[in-house]
$ cat my_file28.pdb   # PDB, C-alpha atoms, pLDDT in the B column
ATOM      1  CA  MET A  61       6.761  14.504  10.905  1.00 62.00           C
ATOM      2  CA  LYS A  62       6.927  11.031  12.384  1.00 78.00           C
ATOM      3  CA  THR A  63       6.958   8.131   9.944  1.00 82.00           C
ATOM      4  CA  LYS A  64       4.343   5.433  10.427  1.00 85.00           C
ATOM      5  CA  ASN A  65       5.051   1.872   9.338  1.00 91.00           C
ATOM      6  CA  PHE A  66       2.151  -0.285   8.210  1.00 93.00           C
ATOM      7  CA  ILE A  67       2.134  -4.011   7.574  1.00 96.00           C
ATOM      8  CA  ALA A  68       1.719  -4.947   3.925  1.00 97.00           C
ATOM      9  CA  LEU A  69       0.807  -8.396   2.659  1.00 98.00           C
ATOM     10  CA  VAL A  70       2.357  -9.394  -0.652  1.00 98.00           C
ATOM     11  CA  GLU A  71       1.116 -12.215  -2.860  1.00 98.00           C
ATOM     12  CA  ILE A  72       3.496 -13.384  -5.588  1.00 98.00           C
ATOM     13  CA  ASP A  73       2.279 -15.243  -8.662  1.00 98.00           C
ATOM     14  CA  LYS A  74       4.889 -17.987  -9.019  1.00 96.00           C
ATOM     15  CA  GLU A  75       4.287 -18.347 -12.757  1.00 97.00           C
ATOM     16  CA  THR A  76       4.542 -14.689 -13.778  1.00 97.00           C
ATOM     17  CA  GLY A  77       6.417 -13.122 -10.851  1.00 96.00           C
ATOM     18  CA  LYS A  78       3.765 -10.388 -10.649  1.00 98.00           C
ATOM     19  CA  CYS A  79       2.787  -9.289  -7.155  1.00 98.00           C
ATOM     20  CA  GLY A  80      -0.261  -7.905  -5.434  1.00 98.00           C
ATOM     21  CA  VAL A  81      -0.097  -5.893  -2.213  1.00 98.00           C
ATOM     22  CA  ILE A  82      -2.746  -5.098   0.389  1.00 98.00           C
ATOM     23  CA  VAL A  83      -2.431  -3.095   3.595  1.00 98.00           C
ATOM     24  CA  PRO A  84      -4.915  -4.433   6.175  1.00 97.00           C
ATOM     25  CA  ASP A  85      -5.127  -1.094   8.022  1.00 97.00           C
ATOM     26  CA  PHE A  86      -6.562   0.446   4.818  1.00 97.00           C
ATOM     27  CA  PRO A  87      -9.513  -1.705   3.686  1.00 94.00           C
ATOM     28  CA  GLY A  88      -9.992  -1.473  -0.066  1.00 93.00           C
ATOM     29  CA  PHE A  89      -6.439  -0.316  -0.788  1.00 96.00           C
ATOM     30  CA  SER A  90      -4.392  -2.535  -3.056  1.00 97.00           C
ATOM     31  CA  SER A  91      -1.520  -2.245  -5.469  1.00 98.00           C
ATOM     32  CA  VAL A  92       0.295  -4.416  -7.995  1.00 98.00           C
ATOM     33  CA  GLY A  93       3.674  -4.667  -9.663  1.00 98.00           C
ATOM     34  CA  ASN A  94       5.481  -6.700 -12.297  1.00 98.00           C
ATOM     35  CA  ASN A  95       7.873  -7.964  -9.586  1.00 97.00           C
ATOM     36  CA  TYR A  96       8.354  -7.652  -5.822  1.00 97.00           C
ATOM     37  CA  GLU A  97      10.362  -4.431  -5.991  1.00 97.00           C
ATOM     38  CA  ASP A  98       7.847  -2.736  -8.291  1.00 98.00           C
ATOM     39  CA  ALA A  99       4.956  -3.886  -6.128  1.00 98.00           C
ATOM     40  CA  ILE A 100       6.482  -2.425  -2.971  1.00 97.00           C
ATOM     41  CA  LYS A 101       7.380   0.828  -4.738  1.00 98.00           C
ATOM     42  CA  ASN A 102       3.875   1.145  -6.206  1.00 98.00           C
ATOM     43  CA  ALA A 103       2.228   0.330  -2.877  1.00 98.00           C
ATOM     44  CA  THR A 104       4.378   2.883  -1.026  1.00 96.00           C
ATOM     45  CA  GLU A 105       3.562   5.615  -3.532  1.00 97.00           C
ATOM     46  CA  GLY A 106      -0.099   4.638  -3.712  1.00 97.00           C
ATOM     47  CA  LEU A 107      -0.522   4.536   0.044  1.00 96.00           C
ATOM     48  CA  ALA A 108       1.125   7.944   0.417  1.00 94.00           C
ATOM     49  CA  GLY A 109      -1.374   9.356  -2.070  1.00 96.00           C
ATOM     50  CA  HIS A 110      -4.250   7.583  -0.351  1.00 96.00           C
ATOM     51  CA  ILE A 111      -3.247   9.077   3.004  1.00 95.00           C
ATOM     52  CA  GLU A 112      -3.013  12.574   1.478  1.00 95.00           C
ATOM     53  CA  VAL A 113      -6.567  12.248   0.158  1.00 95.00           C
ATOM     54  CA  LEU A 114      -7.799  11.050   3.556  1.00 94.00           C
ATOM     55  CA  LYS A 115      -6.198  14.114   5.163  1.00 95.00           C
ATOM     56  CA  GLU A 116      -7.548  16.449   2.477  1.00 96.00           C
ATOM     57  CA  TYR A 117     -11.092  15.288   3.194  1.00 95.00           C
ATOM     58  CA  LYS A 118     -10.421  15.373   6.953  1.00 95.00           C
ATOM     59  CA  ASN A 119     -10.827  11.617   7.364  1.00 93.00           C
ATOM     60  CA  ASN A 120      -8.917   9.788  10.054  1.00 93.00           C
ATOM     61  CA  VAL A 121      -5.673   8.094   9.074  1.00 92.00           C
ATOM     62  CA  PRO A 122      -5.500   4.768  10.930  1.00 93.00           C
ATOM     63  CA  ASN A 123      -2.682   4.017  13.320  1.00 91.00           C
ATOM     64  CA  PRO A 124      -0.572   0.989  12.464  1.00 91.00           C
TER      65      PRO A 124
END
$ encode --input "my_file28.pdb" --output "structure tokens"
Amino acid sequence: MKTKNFIALVEIDKETGKCGVIVPDFPGFSSVGNNYEDAIKNATEGLAGHIEVLKEYKNNVPNP
């Protein structure tokens, strides 16, 4: 299976260090983390699950 790479936008709260992540190719998808590393890990896992659900319901998975 070929890996697809999607652009993720990360916003970091300078006061708390917490981060939010969105992936523009997946409107409505977002993830958060207590720091950058957690945010990326959570977004990667969350997006993988989101894609599996799209496939399960025979919805199209966008191309990057």
$ closest_residue --input "my_file28.pdb" --among "A:Gly93, A:Gly88, A:Pro122, A:Gly80" --to "Asn65 of chain A" --atoms "only C-alpha atoms"
A:Pro122
$ atom_distance --input "my_file28.pdb" --atom1 "atom CA of Glu116 of chain A" --atom2 "atom CA of Ser91 of chain A"
21.2 Å
$ closest_residue --input "my_file28.pdb" --among "A:Lys62, A:Tyr117, A:Ile72, A:Val83" --to "Tyr96 of chain A" --atoms "only C-alpha atoms"
A:Ile72
$ residues_around --input "my_file28.pdb" --residues "Asn95 of chain A" --least-positions-apart "6" --cutoff "6 Å" --atoms "all atoms listed in the file" --output "NGL selection string"
:A and (77-79)
$ write_last_selection --input "my_file28.pdb" --atoms "C-alpha atoms" --output "CSV table (one decimal), in the coordinates of the input"
chain,number,residue,atom,x,y,z
A,77,GLY,CA,6.4,-13.1,-10.9
A,78,LYS,CA,3.8,-10.4,-10.6
A,79,CYS,CA,2.8,-9.3,-7.2
$ residues_around --input "my_file28.pdb" --residues "Thr63 of chain A" --least-positions-apart "5" --cutoff "12 Å" --atoms "all atoms listed in the file" --output "list in words"
Ala108, Asn123 and Pro124 of chain A
$ write_last_selection --input "my_file28.pdb" --atoms "C-alpha atoms" --output "JSON list (two decimals), in the coordinates of the input"
[["chain", "number", "residue", "atom", "x", "y", "z"],
["A", 108, "ALA", "CA", 1.12, 7.94, 0.42],
["A", 123, "ASN", "CA", -2.68, 4.02, 13.32],
["A", 124, "PRO", "CA", -0.57, 0.99, 12.46]]
$ residues_near_point --input "my_file28.pdb" --point "(-0.4, -2.5, 10.7)" --cutoff "6 Å" --atoms "all atoms listed in the file" --output "list in words"
Phe66, Ile67, Asp85 and Pro124 of chain A
$ write_last_selection --input "my_file28.pdb" --atoms "C-alpha atoms" --output "short mmCIF file (atom, residue, chain, number, x, y, z; two decimals), in the frame of the given file"
data_model
loop_
_atom_site.label_atom_id
_atom_site.label_comp_id
_atom_site.auth_asym_id
_atom_site.auth_seq_id
_atom_site.Cartn_x
_atom_site.Cartn_y
_atom_site.Cartn_z
CA PHE A 66 2.15 -0.28 8.21
CA ILE A 67 2.13 -4.01 7.57
CA ASP A 85 -5.13 -1.09 8.02
CA PRO A 124 -0.57 0.99 12.46
#
$ resolve_selection --input "my_file28.pdb" --expression "the PyMOL selection byres ((chain A and resi 82) around 7)" --output "PDB file with C-alpha atoms, in the coordinates of the input"
ATOM      1  CA  ALA A  68       1.719  -4.947   3.925  1.00 97.00           C
ATOM      2  CA  LEU A  69       0.807  -8.396   2.659  1.00 98.00           C
ATOM      3  CA  VAL A  70       2.357  -9.394  -0.652  1.00 98.00           C
ATOM      4  CA  GLY A  80      -0.261  -7.905  -5.434  1.00 98.00           C
ATOM      5  CA  VAL A  81      -0.097  -5.893  -2.213  1.00 98.00           C
ATOM      6  CA  VAL A  83      -2.431  -3.095   3.595  1.00 98.00           C
ATOM      7  CA  PRO A  84      -4.915  -4.433   6.175  1.00 97.00           C
ATOM      8  CA  PHE A  89      -6.439  -0.316  -0.788  1.00 96.00           C
ATOM      9  CA  SER A  90      -4.392  -2.535  -3.056  1.00 97.00           C
ATOM     10  CA  SER A  91      -1.520  -2.245  -5.469  1.00 98.00           C
TER      11      SER A  91
END
$ closest_residue --input "my_file28.pdb" --among "A:Glu71, A:Leu114, A:Val121, A:Gly109" --to "Val92 of chain A" --atoms "only C-alpha atoms"
A:Glu71
$ closest_residue --input "my_file28.pdb" --among "A:Leu107, A:Lys118, A:Lys74, A:Val113" --to "Phe86 of chain A" --atoms "only C-alpha atoms"
A:Leu107
$ axis_aligned_box --input "my_file28.pdb" --around "segment 83-101 of chain A" --padding-each-side "6 Å" --output "lines of an AutoDock Vina configuration file"
center_x = 0.2
center_y = -3.6
center_z = -2.1
size_x = 32.4
size_y = 20.8
size_z = 32.3
$ atom_distance --input "my_file28.pdb" --atom1 "atom CA of Thr76 of chain A" --atom2 "atom CA of His110 of chain A"
27.5 Å
$ atom_distance --input "my_file28.pdb" --atom1 "atom CA of Lys64 of chain A" --atom2 "atom CA of Asp98 of chain A"
20.7 Å
